[in-house]
Amino acid sequence: MTLVDSRIVLPAIAITSMILFTEAAADATQAQTSTPQSTTANGYQPRWWKEAIVYQVYPRSFKDSNGDGIGDLKGITSKLDYIEGLGANVIWLSPHYDSPNADNGYDIRNYRKVMAEFGTMADFDELLKGIKQRHMKLILDLVVNHSSDEHAWFVESRKSKDNPYRDYYIWRPANAAHEPNNWVSFFSGSAWKLDPATKEYYLHLFAEKQPDLNWDNPSVRQEVYDLMKFWLDKGVDGFRMDVIPFISKRERLPDLPPAYLTRPQYFYAMGPHLHEYLQEMNREVLSKYDVMTVGEAFGVTLEQTPTLVDERRNELNMIFNFDVVRLNRDGRKWRNWNLPEMKAVYTTQDKALDVHSWNTIFLSNHDNPRVVSTFGDDSPGFRVPSAKLLATMLLTLKGTPFIYQGDELGMTNYPFTHIEEFDDIEVKNAWKAEVLTGKVKADDYIANLRKTSRDHSRTPMQWDSSSNGGFTTAANPWLAVNPNYKDINARQELADPNSIYNYFSKMAKLREKTPALVYGDYEDLDPQNMKIFLYTRTLGTDKYLVVLNFSEDNISYTLPGGLKAGQLQISNLGTKEQNTAALKLKGWEARVYKQ
Ligand code: NOJ
């Protein structure tokens, strides 16, 4: 679906249950707070960002155009047809701003400058032009809970206690010769760093080189709104907002209660002025543009979600809630998850929201391991079907789907064996804090990272079978390419009609022409089943049934409640079965039926 002129496209897909999309599309060109002209049969206001399929690009690892071993903007521009061919119509670009790269661009030195390794502003403009030419949209990463310590604001701020920028960050004196409180950083150790110049501590919830901005200072907020306008005026279509629930800190910065020491995100998130600041941002910036916003909502519970995304509150359009992607985690440690747990999250999410709220569906991103290795089965026999099953789920659950680069190829986790192979600051800091202090055995630490590391998703894209997977002509890319690139790569998948990429593209087309798969009500029909995920999406008289076998077993499955499968719309293993209650499912089989 093209997104720019939905007035032309939408009537082609309008069906009885979808009302007056032409009007809806017209009002999408107005500010996002405008009064809707129409709703779907079940009461949703149609919006382009609800119908979008978002593809996340991590620029460092996507495509290197100049042979320095690092992906760049020109590389992305050269692959826009590939992204469009997949059926995605919005690109989320992970940070492309000037940065010393303590945390791969999530530490920004200059919000109005392109990272030199990625190219120039002219390259950015070219990329945006190429995206617009294809009637796609671009959202940027807005990283404003913190900046880099090399940002001009912090360089000034740390100079003296009376510097005009002092209050742009969060400074505190020592507390009885110790850190001001017991807050911990997500990247190990205390969240406070003593700065020699003024002998005070500054707060950094992430790396030392990522000082937290002081959002209680109105000048900081104004700076953020100005930089947002800078990019919106260039024509970008919205933002993914990095750890946005952390921007408002608790009054007087109290100690973390012991129960939160291992999950501090629930203490840092949803501070007292969060809603006020988001509403101000909306008033000052977002309401003036037709944009999409998605907040990275680490530490936000499903129950709290509507307070951020209910459209009547004018805050965000949707958030990333981590309950599904972190089902497999206990703190940093891997835990075995099961299917009923996952289904329960989707049901809770669905019940927490109503027609005034919207959400995302995502199973991976640059902070998580590869989707097929985590929620599917990356063994040779099941990698392809399980990746297709996960694509089926991503594109048929309720919420805007986000796919992370390389997952459309079924790229897998990297076979890490040594600490030296990792790049991630989180891994390196935790190694020092846990392994070098003898708290955790090196082998156990690496074994856990083999399942959980963020670097799995950051290894370069595998474009073809040439050296380094065609990602770069350099001998050494910034992070090693997965050795399986000769078997798993884009060139091979584009040529194979049965590839994961081509299946994803077919699924995207099915979603595009099926309003029920976007707006339809969701119902889980077999919540306790350990292997089968069975759900319906219903919009007016249109009902779709999704059957997913989350196991390698062949299963004879009788649909519950006298249900019959209906007409087959798509399947990942080429079944012909339809109009029956008795299904013979193969391992990792996925099917979508129209009732
Ligand atoms: C969340 C980002 O997704 C992650 O990559 C980063 O390390 C932290 N926020 C800090 O910006």
# chains A, B, ... in the order shown; residues from 1 in each chain; ligands from 1
call {"tool": "residues_near_ligand", "arguments": {"ligand": "ligand 1", "cutoff": "7 Å", "atoms": "only C-alpha atoms and all ligand atoms", "output": "ChimeraX atom specification"}}
result
/A:103,106-107,143,206,242-243,366-367
call {"tool": "write_last_selection", "arguments": {"atoms": "N, CA and C atoms", "output": "PDB file, in the first residue's frame"}}
result
ATOM      1  N   ASP A 103      27.538   4.146  22.110  1.00  0.00           N
ATOM      2  CA  ASP A 103      26.433   3.188  22.070  1.00  0.00           C
ATOM      3  C   ASP A 103      25.833   3.195  20.655  1.00  0.00           C
ATOM      4  N   TYR A 106      23.325   5.955  19.697  1.00  0.00           N
ATOM      5  CA  TYR A 106      22.321   6.337  20.703  1.00  0.00           C
ATOM      6  C   TYR A 106      22.930   7.323  21.726  1.00  0.00           C
ATOM      7  N   ASP A 107      24.062   7.881  21.346  1.00  0.00           N
ATOM      8  CA  ASP A 107      24.725   8.932  22.134  1.00  0.00           C
ATOM      9  C   ASP A 107      25.015  10.050  21.139  1.00  0.00           C
ATOM     10  N   VAL A 143      16.395  10.492  20.180  1.00  0.00           N
ATOM     11  CA  VAL A 143      17.082  10.012  21.396  1.00  0.00           C
ATOM     12  C   VAL A 143      17.313  11.211  22.298  1.00  0.00           C
ATOM     13  N   PHE A 206      22.202   5.187  31.171  1.00  0.00           N
ATOM     14  CA  PHE A 206      22.886   4.244  30.268  1.00  0.00           C
ATOM     15  C   PHE A 206      24.400   4.424  30.468  1.00  0.00           C
ATOM     16  N   ASP A 242      13.261   7.029  21.739  1.00  0.00           N
ATOM     17  CA  ASP A 242      14.097   6.177  22.573  1.00  0.00           C
ATOM     18  C   ASP A 242      13.768   6.357  24.066  1.00  0.00           C
ATOM     19  N   VAL A 243      13.579   5.268  24.761  1.00  0.00           N
ATOM     20  CA  VAL A 243      13.294   5.238  26.218  1.00  0.00           C
ATOM     21  C   VAL A 243      12.528   6.477  26.719  1.00  0.00           C
ATOM     22  N   HIS A 366      17.066  -3.952  17.160  1.00  0.00           N
ATOM     23  CA  HIS A 366      18.523  -3.934  17.284  1.00  0.00           C
ATOM     24  C   HIS A 366      18.989  -4.219  18.717  1.00  0.00           C
ATOM     25  N   ASP A 367      18.068  -4.363  19.652  1.00  0.00           N
ATOM     26  CA  ASP A 367      18.434  -4.646  21.047  1.00  0.00           C
ATOM     27  C   ASP A 367      18.131  -6.090  21.429  1.00  0.00           C
TER      28      ASP A 367
END
call {"tool": "select_by_dssp", "arguments": {"residues": "range 152-290 of chain A", "states": "alpha helix (DSSP H)", "output": "MDAnalysis selection string"}}
result
chainID A and resid 152:157 218:234 265:268 274:284
call {"tool": "closest_residue", "arguments": {"among": "A:Val144, A:Val345, A:Met461, A:Ala433", "to": "Ile76 in chain A", "atoms": "only C-alpha atoms"}}
result
A:Met461
call {"tool": "closest_residue", "arguments": {"among": "A:Ile247, A:Val285, A:Tyr277, A:Phe267", "to": "Gly299 in chain A", "atoms": "only C-alpha atoms"}}
result
A:Phe267
call {"tool": "atom_distance", "arguments": {"atom1": "CA of Leu261 in chain A", "atom2": "CA of Leu205 in chain A"}}
result
12.9 Å
call {"tool": "closest_atom_pairs", "arguments": {"of": "range 49-141 of chain A", "to": "range 390-397 of chain A", "cutoff": "12 Å", "atoms": "only C-alpha atoms", "output": "tab-separated table"}}
result
residue	atom	partner	partner_atom	distance
A:Lys50	CA	A:Leu395	CA	12.0
A:Glu51	CA	A:Leu395	CA	10.5
A:Ala52	CA	A:Leu395	CA	10.4
A:Ile53	CA	A:Leu395	CA	8.2
A:Val54	CA	A:Leu395	CA	10.7
A:Leu86	CA	A:Ala391	CA	11.6
A:Gly87	CA	A:Leu395	CA	11.0
A:Ala88	CA	A:Leu395	CA	11.0
call {"tool": "residues_around", "arguments": {"residues": "Lys531 in chain A", "least_positions_apart": "5", "cutoff": "8 Å", "atoms": "only C-alpha atoms", "output": "ChimeraX atom specification"}}
result
/A:339,549-551
call {"tool": "residues_around", "arguments": {"residues": "Asn314 in chain A", "least_positions_apart": "3", "cutoff": "10 Å", "atoms": "only C-alpha atoms", "output": "MDAnalysis selection string"}}
result
chainID A and resid 32:33 275 278:283 286:287 307:311 317
call {"tool": "closest_atom_pairs", "arguments": {"of": "range 350-434 of chain A", "to": "range 577-586 of chain A", "cutoff": "12 Å", "atoms": "only C-alpha atoms", "output": "JSON lines"}}
result
{"residue": "A:Gly381", "atom": "CA", "partner": "A:Lys586", "partner_atom": "CA", "distance": 11.9}
{"residue": "A:Phe382", "atom": "CA", "partner": "A:Lys586", "partner_atom": "CA", "distance": 10.6}
{"residue": "A:Pro385", "atom": "CA", "partner": "A:Lys586", "partner_atom": "CA", "distance": 9.7}
{"residue": "A:Ser386", "atom": "CA", "partner": "A:Lys586", "partner_atom": "CA", "distance": 11.0}
{"residue": "A:Leu389", "atom": "CA", "partner": "A:Lys586", "partner_atom": "CA", "distance": 11.7}
call {"tool": "select_by_dssp", "arguments": {"residues": "range 114-349 of chain A", "states": "strand (DSSP E or B)", "output": "ChimeraX atom specification"}}
result
/A:114,137-142,146,169,171-172,175,178,184,190,192-195,200-203,212-213,238-241,292-296,318-320,329-330,333-334
call {"tool": "decode", "arguments": {"residues": "range 86-117 of chain A", "atoms": "N, CA and C atoms", "output": "mmCIF file, in the first residue's frame"}}
result
data_model
loop_
_atom_site.group_PDB
_atom_site.id
_atom_site.type_symbol
_atom_site.label_atom_id
_atom_site.label_comp_id
_atom_site.auth_asym_id
_atom_site.auth_seq_id
_atom_site.Cartn_x
_atom_site.Cartn_y
_atom_site.Cartn_z
ATOM 1 N N LEU A 86 9.524 -5.741 -0.384
ATOM 2 C CA LEU A 86 9.105 -6.579 0.745
ATOM 3 C C LEU A 86 7.671 -6.253 1.160
ATOM 4 N N GLY A 87 7.235 -5.047 0.827
ATOM 5 C CA GLY A 87 5.874 -4.643 1.209
ATOM 6 C C GLY A 87 5.862 -3.692 2.390
ATOM 7 N N ALA A 88 7.050 -3.285 2.838
ATOM 8 C CA ALA A 88 7.087 -2.280 3.912
ATOM 9 C C ALA A 88 6.829 -0.918 3.285
ATOM 10 N N ASN A 89 6.193 -0.032 4.029
ATOM 11 C CA ASN A 89 5.948 1.304 3.473
ATOM 12 C C ASN A 89 6.409 2.430 4.393
ATOM 13 N N VAL A 90 6.959 2.074 5.540
ATOM 14 C CA VAL A 90 7.589 3.069 6.415
ATOM 15 C C VAL A 90 8.951 2.507 6.817
ATOM 16 N N ILE A 91 9.954 3.367 6.817
ATOM 17 C CA ILE A 91 11.280 2.959 7.314
ATOM 18 C C ILE A 91 11.536 3.686 8.632
ATOM 19 N N TRP A 92 11.927 2.927 9.625
ATOM 20 C CA TRP A 92 12.433 3.540 10.867
ATOM 21 C C TRP A 92 13.955 3.438 10.795
ATOM 22 N N LEU A 93 14.579 4.605 10.807
ATOM 23 C CA LEU A 93 16.028 4.655 10.729
ATOM 24 C C LEU A 93 16.586 4.802 12.141
ATOM 25 N N SER A 94 17.362 3.839 12.577
ATOM 26 C CA SER A 94 18.048 3.982 13.866
ATOM 27 C C SER A 94 19.017 5.163 13.742
ATOM 28 N N PRO A 95 19.520 5.720 14.851
ATOM 29 C CA PRO A 95 20.186 7.027 14.794
ATOM 30 C C PRO A 95 21.242 7.175 13.703
ATOM 31 N N HIS A 96 21.107 8.294 12.979
ATOM 32 C CA HIS A 96 22.029 8.583 11.878
ATOM 33 C C HIS A 96 22.777 9.876 12.174
ATOM 34 N N TYR A 97 22.687 10.349 13.435
ATOM 35 C CA TYR A 97 23.240 11.658 13.793
ATOM 36 C C TYR A 97 24.711 11.544 14.213
ATOM 37 N N ASP A 98 25.354 12.704 14.203
ATOM 38 C CA ASP A 98 26.755 12.794 14.625
ATOM 39 C C ASP A 98 26.912 12.236 16.047
ATOM 40 N N SER A 99 27.844 11.346 16.210
ATOM 41 C CA SER A 99 27.961 10.645 17.491
ATOM 42 C C SER A 99 29.348 10.045 17.637
ATOM 43 N N PRO A 100 29.883 10.053 18.857
ATOM 44 C CA PRO A 100 31.159 9.347 19.065
ATOM 45 C C PRO A 100 30.974 7.832 19.177
ATOM 46 N N ASN A 101 29.734 7.381 19.095
ATOM 47 C CA ASN A 101 29.451 5.946 19.037
ATOM 48 C C ASN A 101 29.835 5.147 20.279
ATOM 49 N N ALA A 102 29.596 5.714 21.438
ATOM 50 C CA ALA A 102 29.779 4.910 22.648
ATOM 51 C C ALA A 102 28.700 3.830 22.677
ATOM 52 N N ASP A 103 27.538 4.146 22.110
ATOM 53 C CA ASP A 103 26.433 3.188 22.070
ATOM 54 C C ASP A 103 25.833 3.195 20.655
ATOM 55 N N ASN A 104 26.737 3.086 19.680
ATOM 56 C CA ASN A 104 26.318 3.020 18.268
ATOM 57 C C ASN A 104 25.262 4.045 17.883
ATOM 58 N N GLY A 105 25.531 5.293 18.173
ATOM 59 C CA GLY A 105 24.658 6.368 17.697
ATOM 60 C C GLY A 105 23.554 6.756 18.659
ATOM 61 N N TYR A 106 23.325 5.955 19.697
ATOM 62 C CA TYR A 106 22.321 6.337 20.703
ATOM 63 C C TYR A 106 22.930 7.323 21.726
ATOM 64 N N ASP A 107 24.062 7.881 21.346
ATOM 65 C CA ASP A 107 24.725 8.932 22.134
ATOM 66 C C ASP A 107 25.015 10.050 21.139
ATOM 67 N N ILE A 108 24.156 11.044 21.106
ATOM 68 C CA ILE A 108 24.199 12.016 20.010
ATOM 69 C C ILE A 108 24.984 13.264 20.400
ATOM 70 N N ARG A 109 25.916 13.620 19.516
ATOM 71 C CA ARG A 109 26.784 14.779 19.763
ATOM 72 C C ARG A 109 26.186 16.027 19.114
ATOM 73 N N ASN A 110 25.518 15.813 17.988
ATOM 74 C CA ASN A 110 24.904 16.955 17.303
ATOM 75 C C ASN A 110 23.648 16.444 16.600
ATOM 76 N N TYR A 111 22.504 16.941 17.063
ATOM 77 C CA TYR A 111 21.228 16.425 16.551
ATOM 78 C C TYR A 111 20.907 16.906 15.141
ATOM 79 N N ARG A 112 21.669 17.884 14.647
ATOM 80 C CA ARG A 112 21.359 18.413 13.318
ATOM 81 C C ARG A 112 22.427 18.051 12.297
ATOM 82 N N LYS A 113 23.251 17.106 12.628
ATOM 83 C CA LYS A 113 24.353 16.725 11.737
ATOM 84 C C LYS A 113 24.314 15.209 11.508
ATOM 85 N N VAL A 114 24.682 14.818 10.297
ATOM 86 C CA VAL A 114 24.722 13.380 9.987
ATOM 87 C C VAL A 114 26.068 12.811 10.444
ATOM 88 N N MET A 115 26.029 11.599 10.967
ATOM 89 C CA MET A 115 27.282 10.957 11.391
ATOM 90 C C MET A 115 28.225 10.832 10.182
ATOM 91 N N ALA A 116 29.451 11.304 10.328
ATOM 92 C CA ALA A 116 30.374 11.330 9.181
ATOM 93 C C ALA A 116 30.517 9.937 8.553
ATOM 94 N N GLU A 117 30.553 8.896 9.370
ATOM 95 C CA GLU A 117 30.701 7.542 8.827
ATOM 96 C C GLU A 117 29.523 7.159 7.926
#
